[in-house]
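Notes for the one structure printed next.
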Amino acid sequence: MAKSWTDKSEFKKLSGELAVAEDLHYERMVVPLLRVIWPGLIKAPARRSFDRKGIDHLVWEDGVVLPLVVQCKGFQVQEHELGDSQVKQCLDSIDTFSRSSCTAQVYLLIHNRTGQNEQLRNSVTAALDSLVKEKKALRAELWDRKLLLREVFNAMLTKVEKFLLSGGKRYSRDFFETLPYEPIRDIPLQISILSVDQYRMTKASQPLKGLKDPAHELFDFNSSNISLMIGEAGYGKTTSVLRSFKKSRKKVFYLAAAAVRPDRMGSKQLLASCVNLDELLVDIAEEDIPTQLTIARPVIELLLKNGDLPVVLVLDGLDESIYFSMRGGVQTLFNQLRDVKVPVVLTARSEFWFSRLADFQMSFGEIARNTAIVRRNQIKLIELLPWTDHEIQELAVRFRDTLPDPVSRDRINVFIDLVRSGKYQEIFGDIPRRPLFLRLILETATEREIGKTSIAGLFYQWAQMKIRRDIYEPMRWKSVGRAPILTENEPADQTILLSFTAMMKAAMQMTEVKDEELVLLPDCIIDDVVRGEERLRGLPDPTGLFLNSLLVPLPQPAHKPLKIRFGHRAYQEFFLALYINENSTVFERVKLPEPVETFLESIRSEGLTHIFIGG
């Protein structure tokens, strides 16, 4: 699958940089390039023994023969100015190596011109042939800068393809929540097929409703290589995606859309982010990574245009990305994915999708009528629907059957009876129709009597219960319990108070006001949460905070500030609403996201506050 790559902007940029590099600067520039092919390449110390033998770079190996020897020529003159002086420089270096005690498997003389000068090419090639005849090298070659780049890009192609085809799946374990019961597989949903061109959505088929397994439907790409799953908060979009991981025989690459940075909004950058090359580049020297990433991006783009590659890309939570939420953001995304042939899975909240639908249908219509080339794609749209009493009861039964405590089982039986009689709506309204919220109800019901509650009251009770349970559960096994947040003898109520304080402050830090609208960010720096909060001053170690809250740390290099996120977007929205309720002037005259408004109204109707936590 070797290519010339000369049409790629990255190739042109690197070629230009090599062309203007001279002498030692050129020597340094080729190092990260050659390390794509020979990772063990090292630079020979200047003016020392190897340098005096005509060696700029080498791959070391104990023994008589060096695996690789490189001589670099960063000429100062232009192509048309090459002449006897430059030819002599090359021949002198080859002669120096020839007279040395070293031998090589591969000897390369690499220069920064294009190889069009016949005098230089013929003279140097003849001298290199002599090295082979004299058995000073098994291979001796002259590489101009374009040949160097072609070899490097093709080596990266082989490397990335091998990485993509290697075993295992690229997703983080912390995305999985281990449930003690078998999940409900066939749930209410509807499926339609969208037709889109590079400007707008042109057609949508009539939705087909039914009871189906969303994990199966997501990875069924017979009608389209792009599946988009939508559903309101708590309907199980991410859970369905993660279940489908286990069913897929293909290698899955997962990216939370919230993690897409503004400098990764181009097609190549986005695809490289989806694939996540950290694992591929794990052993690469830090100074080589920028250059090798530059080479890897067009390579990934090329490979993902091959529909036979057994890979699936997952971009989860489009609504959590500031950039995809902008006007035209959805269309931009589909344009970026237009030439991708491997399967792609996208998820978004229903309210986000429907709010952007008019924009998607109309925003580029004028442009569309003025083009001769129209590129059409099809997208499979899967919409998760509210659960019926049947799914609610079935999950409650499965949950009950995992409980060893008879009192807890009896409490769940009360809930099951309410579902069977249809009276549960008098207590919970339609809250149980969302699987996430149903699970919170069931978990809360194991420790307290079922009572009428609102959506905010449910989250409030469940969060307290979870933290309290996490504190006391290890003590059943004669352990001292989890690490506290601040002090060793911290009472449970104090831990819960500190946890709520930290989560409220974190939710506030994960915001940004944009055009008089409040936008939720995916994460924040933990130091910003602790700073200025009297109760959290003196936090000795963030571990206690993570163990006793709904906050989780993000993997970060040791030299960068530690970042945190919420385990679920709905938790972030609830604690932001709780913060706004107690700091009413902080976002005055700013439009709040609809889910935050819903939580805020529910909090105010119940009179909830984190200050009176306990019991």
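Identifiers in the structure tokens: chain A, B, ... in order shown; residue index from 1 per chain; ligand index from 1 in order shown.
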
Do a neighbour search on Ile226 (chain A) at 6 Å with only C-alpha atoms, toss out local chain neighbours closer than 3 positions, and write the hits as a PDB file with C-alpha atoms, in the first residue's frame.
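Output file selection-v5.pdb follows:
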ATOM      1  CA  PRO A 343     -17.883   2.090  10.837  1.00  0.00           C
ATOM      2  CA  VAL A 344     -18.505   5.173  13.003  1.00  0.00           C
ATOM      3  CA  VAL A 345     -20.784   5.387  16.063  1.00  0.00           C
ATOM      4  CA  ILE A 379     -26.771   7.857   8.455  1.00  0.00           C
TER       5      ILE A 379
END

Which of region 379-615 of chain A counts as helix (DSSP H, G or I) under DSSP, as JSON, numbers by chain please? {"A": [389, 390, 391, 392, 393, 394, 395, 396, 397, 398, 399, 400, 406, 407, 408, 409, 410, 411, 412, 413, 414, 415, 416, 417, 418, 419, 420, 421, 424, 425, 426, 427, 428, 431, 432, 433, 435, 436, 437, 438, 439, 440, 441, 442, 443, 444, 445, 455, 456, 457, 458, 459, 460, 461, 462, 463, 464, 465, 466, 467, 468, 469, 470, 471, 472, 473, 474, 475, 476, 477, 492, 493, 494, 495, 496, 497, 498, 499, 500, 501, 502, 503, 504, 505, 506, 507, 508, 509, 526, 527, 528, 529, 530, 534, 535, 536, 543, 544, 545, 546, 547, 569, 570, 571, 572, 573, 574, 575, 576, 577, 578, 579, 580, 581, 582, 594, 595, 596, 597, 598, 599, 600, 601, 602, 603, 604, 605, 606]}

Listing only residues of region 249-284 of chain A within 12 Å of region 519-529 of chain A, what is the closest atom pair and its distance in Å (to one decimal) for each, using only C-alpha atoms, sorted by chain and residue number ascending, as JSON lines?
{"residue": "A:Ala256", "atom": "CA", "partner": "A:Pro522", "partner_atom": "CA", "distance": 9.2}
{"residue": "A:Ala257", "atom": "CA", "partner": "A:Pro522", "partner_atom": "CA", "distance": 9.1}
{"residue": "A:Ala258", "atom": "CA", "partner": "A:Pro522", "partner_atom": "CA", "distance": 5.5}
{"residue": "A:Ala259", "atom": "CA", "partner": "A:Pro522", "partner_atom": "CA", "distance": 7.1}
{"residue": "A:Val260", "atom": "CA", "partner": "A:Pro522", "partner_atom": "CA", "distance": 10.0}
{"residue": "A:Arg261", "atom": "CA", "partner": "A:Pro522", "partner_atom": "CA", "distance": 11.0}

Distance query Glu351 (chain A) at most 10 Å, only C-alpha atoms, self and fewer than 2 positions along chain excluded, as a short mmCIF file (atom, residue, chain, number, x, y, z; two decimals) with C-alpha atoms, in the first residue's frame:
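So the final result, stored in part-v4.cif, reads:
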data_model
loop_
_atom_site.label_atom_id
_atom_site.label_comp_id
_atom_site.auth_asym_id
_atom_site.auth_seq_id
_atom_site.Cartn_x
_atom_site.Cartn_y
_atom_site.Cartn_z
CA ILE A 230 -29.92 9.81 20.42
CA GLY A 231 -31.91 9.78 23.63
CA GLU A 232 -32.67 12.02 26.57
CA ALA A 233 -30.43 12.10 29.66
CA ASP A 319 -23.90 17.55 22.93
CA ALA A 348 -26.01 12.73 21.43
CA ARG A 349 -28.90 13.83 23.61
CA TRP A 353 -30.18 16.78 18.02
CA PHE A 354 -33.65 18.26 17.60
CA SER A 355 -32.44 21.77 18.45
CA ARG A 356 -29.84 21.49 15.68
CA LEU A 357 -32.10 19.78 13.16
CA GLU A 594 -32.56 23.16 29.94
CA PRO A 595 -31.55 20.16 32.13
#

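All residues in region 247-409 of chain A with a DSSP state of strand (DSSP E), computed from the backbone, read Lys251, Val252, Phe253, Tyr254, Leu255, Ala256, Val311, Val312, Leu313, Val314, Leu315, Asp316, Val344, Val345, Leu346, Thr347, Ala348, Arg349, Asn377, Gln378, Ile379, Lys380, Leu381, Ile382, Glu383 and Leu384 of chain A.
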
Can you tell me, as a PyMOL selection string, what residues are no more than 12 Å from Ile37 (chain A) when counting only C-alpha atoms, ignoring any on the same chain fewer than 4 positions away? chain A and resi 30-33+41+59+68+148-159+292

Near Arg409 (chain A), counting only C-alpha atoms, which residues have an atom at most 6 Å away, once you skip same-chain residues fewer than 3 positions from it, shown as a PyMOL selection string? chain A and resi 400+406+412

Residue contacts of Val552 (chain A) (10 Å, only C-alpha atoms) excluding same-chain residues fewer than 2 positions away, as number ranges by chain: A: 174, 523, 542-543, 545-547, 549-550, 554-555, 563-568

Looking at A:Ile485, A:Ser205, A:Glu516, A:Leu562, which one is nearest to Arg535 (chain A), with distances taken over only C-alpha atoms?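 The shortest atom-to-atom distance to Arg535 (chain A) comes from A:Ile485.
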